[in-house]
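Down below is the structure, laid out as structure tokens.
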Amino acid sequence: MNRVHEHVVSPGFFATYAMTIRTGRDFDRTDAPGSPRVALVSESYVAKFLQGRNALDSTLDSGACGPPRGPCAVIGVVADAVFGPLRSGPHPTIYLPLAQSADIGPPRRTTVAISVQSANVRPALLAATVADALTKMNGRMS
């Protein structure tokens, strides 16, 4: 399968899921709307599409990094991860910063997954707080 997966993530996503950034950097608050567009790519993306070139010297210019939004500079390479059945193995993946991705995906057809981690709050208590915040946000997004 030649499919490239695209995931929109926030700063800290890779640390939260213990995903190693092999080279380069994570997204941060400077990766904002209006700033140069950036992306991280997986090791399998590098192997399949960059064919020995230095990933950090690369620019992506298709998919979410293509017209009309414009190209994305690769700022990091992430260890491969599996986002489906384990037998499917890793797929070439592009990660985009949430702050630069408001216009990606057809309206009402984009799936959002939220992960929250806490060192000192019981998950059941945290779930209620997150649910309340999402309910409040949903009214502003409709």
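The chains in the structure tokens are called A, B, ... from first to last as shown; in each chain the residues are counted from 1, and the ligands are counted from 1 in the order shown.
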
Would you write out, as JSON lines, a table of all residues in segment 75-131 of chain A that have an atom no more than 12 Å from an atom of segment 50-64 of chain A, listing for each the closest atom pair and the distance in Å to one decimal, considering only C-alpha atoms and ordering rows by chain and rising residue number?
```
{"residue": "A:Ile75", "atom": "CA", "partner": "A:Leu56", "partner_atom": "CA", "distance": 5.6}
{"residue": "A:Gly76", "atom": "CA", "partner": "A:Leu56", "partner_atom": "CA", "distance": 6.4}
{"residue": "A:Val77", "atom": "CA", "partner": "A:Ala55", "partner_atom": "CA", "distance": 7.2}
{"residue": "A:Val78", "atom": "CA", "partner": "A:Ala55", "partner_atom": "CA", "distance": 10.9}
{"residue": "A:Pro92", "atom": "CA", "partner": "A:Leu50", "partner_atom": "CA", "distance": 11.0}
{"residue": "A:Thr93", "atom": "CA", "partner": "A:Gly63", "partner_atom": "CA", "distance": 11.6}
{"residue": "A:Ile94", "atom": "CA", "partner": "A:Ala64", "partner_atom": "CA", "distance": 9.2}
{"residue": "A:Tyr95", "atom": "CA", "partner": "A:Ala64", "partner_atom": "CA", "distance": 10.0}
{"residue": "A:Leu96", "atom": "CA", "partner": "A:Ala64", "partner_atom": "CA", "distance": 8.4}
{"residue": "A:Pro97", "atom": "CA", "partner": "A:Ala64", "partner_atom": "CA", "distance": 11.2}
{"residue": "A:Gln100", "atom": "CA", "partner": "A:Ala64", "partner_atom": "CA", "distance": 10.5}
{"residue": "A:Ser101", "atom": "CA", "partner": "A:Ala64", "partner_atom": "CA", "distance": 8.6}
{"residue": "A:Ala102", "atom": "CA", "partner": "A:Ala64", "partner_atom": "CA", "distance": 11.2}
{"residue": "A:Asp103", "atom": "CA", "partner": "A:Ala64", "partner_atom": "CA", "distance": 9.5}
{"residue": "A:Ile104", "atom": "CA", "partner": "A:Ala64", "partner_atom": "CA", "distance": 6.7}
{"residue": "A:Gly105", "atom": "CA", "partner": "A:Ala64", "partner_atom": "CA", "distance": 8.6}
{"residue": "A:Pro106", "atom": "CA", "partner": "A:Ala64", "partner_atom": "CA", "distance": 11.7}
```

Please save N, CA, C and O atoms of the selected residues as a PDB file, in the first residue's frame.
```pdb
ATOM      1  N   ILE A  75      10.821  19.616   9.657  1.00  0.00           N
ATOM      2  CA  ILE A  75      11.618  20.054  10.808  1.00  0.00           C
ATOM      3  C   ILE A  75      12.030  18.900  11.714  1.00  0.00           C
ATOM      4  O   ILE A  75      12.747  19.108  12.687  1.00  0.00           O
ATOM      5  N   GLY A  76      11.573  17.673  11.401  1.00  0.00           N
ATOM      6  CA  GLY A  76      11.943  16.543  12.238  1.00  0.00           C
ATOM      7  C   GLY A  76      11.518  15.221  11.643  1.00  0.00           C
ATOM      8  O   GLY A  76      10.664  15.162  10.762  1.00  0.00           O
ATOM      9  N   VAL A  77      12.164  14.161  12.152  1.00  0.00           N
ATOM     10  CA  VAL A  77      11.842  12.790  11.762  1.00  0.00           C
ATOM     11  C   VAL A  77      11.483  12.030  13.037  1.00  0.00           C
ATOM     12  O   VAL A  77      12.220  12.066  14.021  1.00  0.00           O
ATOM     13  N   VAL A  78      10.342  11.337  12.991  1.00  0.00           N
ATOM     14  CA  VAL A  78       9.802  10.610  14.137  1.00  0.00           C
ATOM     15  C   VAL A  78       9.909   9.110  13.885  1.00  0.00           C
ATOM     16  O   VAL A  78       9.734   8.647  12.757  1.00  0.00           O
ATOM     17  N   PRO A  92       4.080   5.249   5.863  1.00  0.00           N
ATOM     18  CA  PRO A  92       4.706   6.576   5.769  1.00  0.00           C
ATOM     19  C   PRO A  92       3.715   7.606   6.321  1.00  0.00           C
ATOM     20  O   PRO A  92       2.534   7.596   5.970  1.00  0.00           O
ATOM     21  N   THR A  93       4.193   8.470   7.203  1.00  0.00           N
ATOM     22  CA  THR A  93       3.304   9.402   7.890  1.00  0.00           C
ATOM     23  C   THR A  93       3.883  10.802   7.902  1.00  0.00           C
ATOM     24  O   THR A  93       5.078  10.988   8.109  1.00  0.00           O
ATOM     25  N   ILE A  94       2.999  11.770   7.700  1.00  0.00           N
ATOM     26  CA  ILE A  94       3.327  13.189   7.833  1.00  0.00           C
ATOM     27  C   ILE A  94       2.545  13.714   9.031  1.00  0.00           C
ATOM     28  O   ILE A  94       1.343  13.457   9.155  1.00  0.00           O
ATOM     29  N   TYR A  95       3.209  14.436   9.907  1.00  0.00           N
ATOM     30  CA  TYR A  95       2.576  15.063  11.063  1.00  0.00           C
ATOM     31  C   TYR A  95       2.585  16.576  10.843  1.00  0.00           C
ATOM     32  O   TYR A  95       3.622  17.147  10.500  1.00  0.00           O
ATOM     33  N   LEU A  96       1.421  17.186  11.046  1.00  0.00           N
ATOM     34  CA  LEU A  96       1.262  18.628  10.846  1.00  0.00           C
ATOM     35  C   LEU A  96       0.852  19.280  12.158  1.00  0.00           C
ATOM     36  O   LEU A  96       0.114  18.673  12.950  1.00  0.00           O
ATOM     37  N   PRO A  97       1.274  20.525  12.401  1.00  0.00           N
ATOM     38  CA  PRO A  97       0.895  21.181  13.652  1.00  0.00           C
ATOM     39  C   PRO A  97      -0.563  21.637  13.636  1.00  0.00           C
ATOM     40  O   PRO A  97      -1.035  22.223  12.659  1.00  0.00           O
ATOM     41  N   GLN A 100      -1.498  25.240  12.609  1.00  0.00           N
ATOM     42  CA  GLN A 100      -1.419  25.628  11.204  1.00  0.00           C
ATOM     43  C   GLN A 100      -2.411  24.848  10.341  1.00  0.00           C
ATOM     44  O   GLN A 100      -2.334  24.893   9.119  1.00  0.00           O
ATOM     45  N   SER A 101      -3.350  24.160  10.954  1.00  0.00           N
ATOM     46  CA  SER A 101      -4.174  23.205  10.211  1.00  0.00           C
ATOM     47  C   SER A 101      -5.673  23.449  10.295  1.00  0.00           C
ATOM     48  O   SER A 101      -6.462  22.538  10.085  1.00  0.00           O
ATOM     49  N   ALA A 102      -6.084  24.671  10.569  1.00  0.00           N
ATOM     50  CA  ALA A 102      -7.511  24.951  10.727  1.00  0.00           C
ATOM     51  C   ALA A 102      -8.315  24.653   9.472  1.00  0.00           C
ATOM     52  O   ALA A 102      -9.481  24.303   9.543  1.00  0.00           O
ATOM     53  N   ASP A 103      -7.690  24.750   8.299  1.00  0.00           N
ATOM     54  CA  ASP A 103      -8.435  24.575   7.053  1.00  0.00           C
ATOM     55  C   ASP A 103      -8.230  23.220   6.396  1.00  0.00           C
ATOM     56  O   ASP A 103      -8.626  23.011   5.260  1.00  0.00           O
ATOM     57  N   ILE A 104      -7.649  22.273   7.111  1.00  0.00           N
ATOM     58  CA  ILE A 104      -7.394  20.951   6.530  1.00  0.00           C
ATOM     59  C   ILE A 104      -8.606  20.056   6.737  1.00  0.00           C
ATOM     60  O   ILE A 104      -9.174  19.993   7.816  1.00  0.00           O
ATOM     61  N   GLY A 105      -8.970  19.336   5.713  1.00  0.00           N
ATOM     62  CA  GLY A 105     -10.058  18.363   5.805  1.00  0.00           C
ATOM     63  C   GLY A 105     -11.391  18.966   5.451  1.00  0.00           C
ATOM     64  O   GLY A 105     -11.644  20.135   5.693  1.00  0.00           O
ATOM     65  N   PRO A 106     -12.247  18.160   4.856  1.00  0.00           N
ATOM     66  CA  PRO A 106     -13.582  18.649   4.509  1.00  0.00           C
ATOM     67  C   PRO A 106     -14.378  18.943   5.772  1.00  0.00           C
ATOM     68  O   PRO A 106     -14.227  18.253   6.773  1.00  0.00           O
TER      69      PRO A 106
END
```

Please provide as a PyMOL selection string all residues within 12 Å of Leu98 of chain A, with the sequence filter that same-chain residues fewer than 2 positions apart are discarded (counting only C-alpha atoms). chain A and resi 6-13+27-33+37-39+95-96+100-104+112-114

Per residue of segment 16-78 of chain A within 10 Å of segment 83-91 of chain A, what are the shortest atom pair and its distance in Å to one decimal, counting only C-alpha atoms, with rows by chain and residue number, as CSV?
```
residue,atom,partner,partner_atom,distance
A:Ser42,CA,A:His91,CA,8.3
A:Glu43,CA,A:His91,CA,9.3
A:Ser44,CA,A:His91,CA,6.5
A:Tyr45,CA,A:His91,CA,7.5
A:Lys48,CA,A:His91,CA,9.8
```

Restrict the selected residues to N, CA, C and O atoms and save them as an mmCIF file, in the first residue's frame.
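Output file selection_7.cif follows:
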```
data_model
loop_
_atom_site.group_PDB
_atom_site.id
_atom_site.type_symbol
_atom_site.label_atom_id
_atom_site.label_comp_id
_atom_site.auth_asym_id
_atom_site.auth_seq_id
_atom_site.Cartn_x
_atom_site.Cartn_y
_atom_site.Cartn_z
ATOM 1 N N SER A 42 7.674 10.469 9.349
ATOM 2 C CA SER A 42 8.099 9.213 9.976
ATOM 3 C C SER A 42 9.328 8.648 9.259
ATOM 4 O O SER A 42 9.624 9.012 8.113
ATOM 5 N N GLU A 43 9.992 7.727 9.937
ATOM 6 C CA GLU A 43 11.153 7.065 9.324
ATOM 7 C C GLU A 43 10.767 6.337 8.048
ATOM 8 O O GLU A 43 11.521 6.348 7.070
ATOM 9 N N SER A 44 9.584 5.704 8.026
ATOM 10 C CA SER A 44 9.188 5.003 6.809
ATOM 11 C C SER A 44 8.889 5.984 5.676
ATOM 12 O O SER A 44 9.104 5.660 4.508
ATOM 13 N N TYR A 45 8.441 7.179 5.985
ATOM 14 C CA TYR A 45 8.253 8.211 4.960
ATOM 15 C C TYR A 45 9.613 8.575 4.357
ATOM 16 O O TYR A 45 9.765 8.651 3.141
ATOM 17 N N LYS A 48 10.911 5.736 2.097
ATOM 18 C CA LYS A 48 10.158 5.527 0.863
ATOM 19 C C LYS A 48 10.238 6.710 -0.106
ATOM 20 O O LYS A 48 10.334 6.517 -1.313
#
```

Apply DSSP to the backbone of this structure and, from segment 39-117 of chain A, keep only the residues in strand (DSSP E or B); write these as a PDB file with N, CA and C atoms, in the first residue's frame.
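Final output, saved to result.pdb:
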```pdb
ATOM      1  N   ALA A  39       6.340  20.504   9.061  1.00  0.00           N
ATOM      2  CA  ALA A  39       5.843  19.135   9.229  1.00  0.00           C
ATOM      3  C   ALA A  39       6.958  18.274   9.798  1.00  0.00           C
ATOM      4  N   LEU A  40       6.572  17.195  10.467  1.00  0.00           N
ATOM      5  CA  LEU A  40       7.492  16.127  10.815  1.00  0.00           C
ATOM      6  C   LEU A  40       7.082  14.923   9.985  1.00  0.00           C
ATOM      7  N   VAL A  41       8.015  14.041   9.701  1.00  0.00           N
ATOM      8  CA  VAL A  41       7.728  12.843   8.929  1.00  0.00           C
ATOM      9  C   VAL A  41       8.252  11.616   9.671  1.00  0.00           C
ATOM     10  N   SER A  42       7.674  10.469   9.349  1.00  0.00           N
ATOM     11  CA  SER A  42       8.099   9.213   9.976  1.00  0.00           C
ATOM     12  C   SER A  42       9.328   8.648   9.259  1.00  0.00           C
ATOM     13  N   THR A  59      11.400  19.759   1.597  1.00  0.00           N
ATOM     14  CA  THR A  59      10.136  20.485   1.610  1.00  0.00           C
ATOM     15  C   THR A  59       9.073  19.579   1.008  1.00  0.00           C
ATOM     16  N   LEU A  60       7.922  19.513   1.653  1.00  0.00           N
ATOM     17  CA  LEU A  60       6.802  18.711   1.151  1.00  0.00           C
ATOM     18  C   LEU A  60       5.870  19.636   0.371  1.00  0.00           C
ATOM     19  N   CYS A  72       5.439  22.654   3.064  1.00  0.00           N
ATOM     20  CA  CYS A  72       5.845  22.549   4.469  1.00  0.00           C
ATOM     21  C   CYS A  72       7.315  22.156   4.531  1.00  0.00           C
ATOM     22  N   ALA A  73       8.089  22.845   5.334  1.00  0.00           N
ATOM     23  CA  ALA A  73       9.480  22.472   5.582  1.00  0.00           C
ATOM     24  C   ALA A  73       9.494  21.341   6.601  1.00  0.00           C
ATOM     25  N   VAL A  74      10.272  20.305   6.352  1.00  0.00           N
ATOM     26  CA  VAL A  74      10.408  19.200   7.307  1.00  0.00           C
ATOM     27  C   VAL A  74      11.336  19.654   8.425  1.00  0.00           C
ATOM     28  N   ILE A  75      10.821  19.616   9.657  1.00  0.00           N
ATOM     29  CA  ILE A  75      11.618  20.054  10.808  1.00  0.00           C
ATOM     30  C   ILE A  75      12.030  18.900  11.714  1.00  0.00           C
ATOM     31  N   GLY A  76      11.573  17.673  11.401  1.00  0.00           N
ATOM     32  CA  GLY A  76      11.943  16.543  12.238  1.00  0.00           C
ATOM     33  C   GLY A  76      11.518  15.221  11.643  1.00  0.00           C
ATOM     34  N   VAL A  77      12.164  14.161  12.152  1.00  0.00           N
ATOM     35  CA  VAL A  77      11.842  12.790  11.762  1.00  0.00           C
ATOM     36  C   VAL A  77      11.483  12.030  13.037  1.00  0.00           C
ATOM     37  N   VAL A  78      10.342  11.337  12.991  1.00  0.00           N
ATOM     38  CA  VAL A  78       9.802  10.610  14.137  1.00  0.00           C
ATOM     39  C   VAL A  78       9.909   9.110  13.885  1.00  0.00           C
ATOM     40  N   THR A  93       4.193   8.470   7.203  1.00  0.00           N
ATOM     41  CA  THR A  93       3.304   9.402   7.890  1.00  0.00           C
ATOM     42  C   THR A  93       3.883  10.802   7.902  1.00  0.00           C
ATOM     43  N   ILE A  94       2.999  11.770   7.700  1.00  0.00           N
ATOM     44  CA  ILE A  94       3.327  13.189   7.833  1.00  0.00           C
ATOM     45  C   ILE A  94       2.545  13.714   9.031  1.00  0.00           C
ATOM     46  N   TYR A  95       3.209  14.436   9.907  1.00  0.00           N
ATOM     47  CA  TYR A  95       2.576  15.063  11.063  1.00  0.00           C
ATOM     48  C   TYR A  95       2.585  16.576  10.843  1.00  0.00           C
ATOM     49  N   LEU A  96       1.421  17.186  11.046  1.00  0.00           N
ATOM     50  CA  LEU A  96       1.262  18.628  10.846  1.00  0.00           C
ATOM     51  C   LEU A  96       0.852  19.280  12.158  1.00  0.00           C
ATOM     52  N   PRO A  97       1.274  20.525  12.401  1.00  0.00           N
ATOM     53  CA  PRO A  97       0.895  21.181  13.652  1.00  0.00           C
ATOM     54  C   PRO A  97      -0.563  21.637  13.636  1.00  0.00           C
TER      55      PRO A  97
END
```

Pull the alpha helix (DSSP H) assignments for segment 79-136 of chain A out of DSSP run on the backbone, and list those residues as a ChimeraX atom specification. /A:123-136
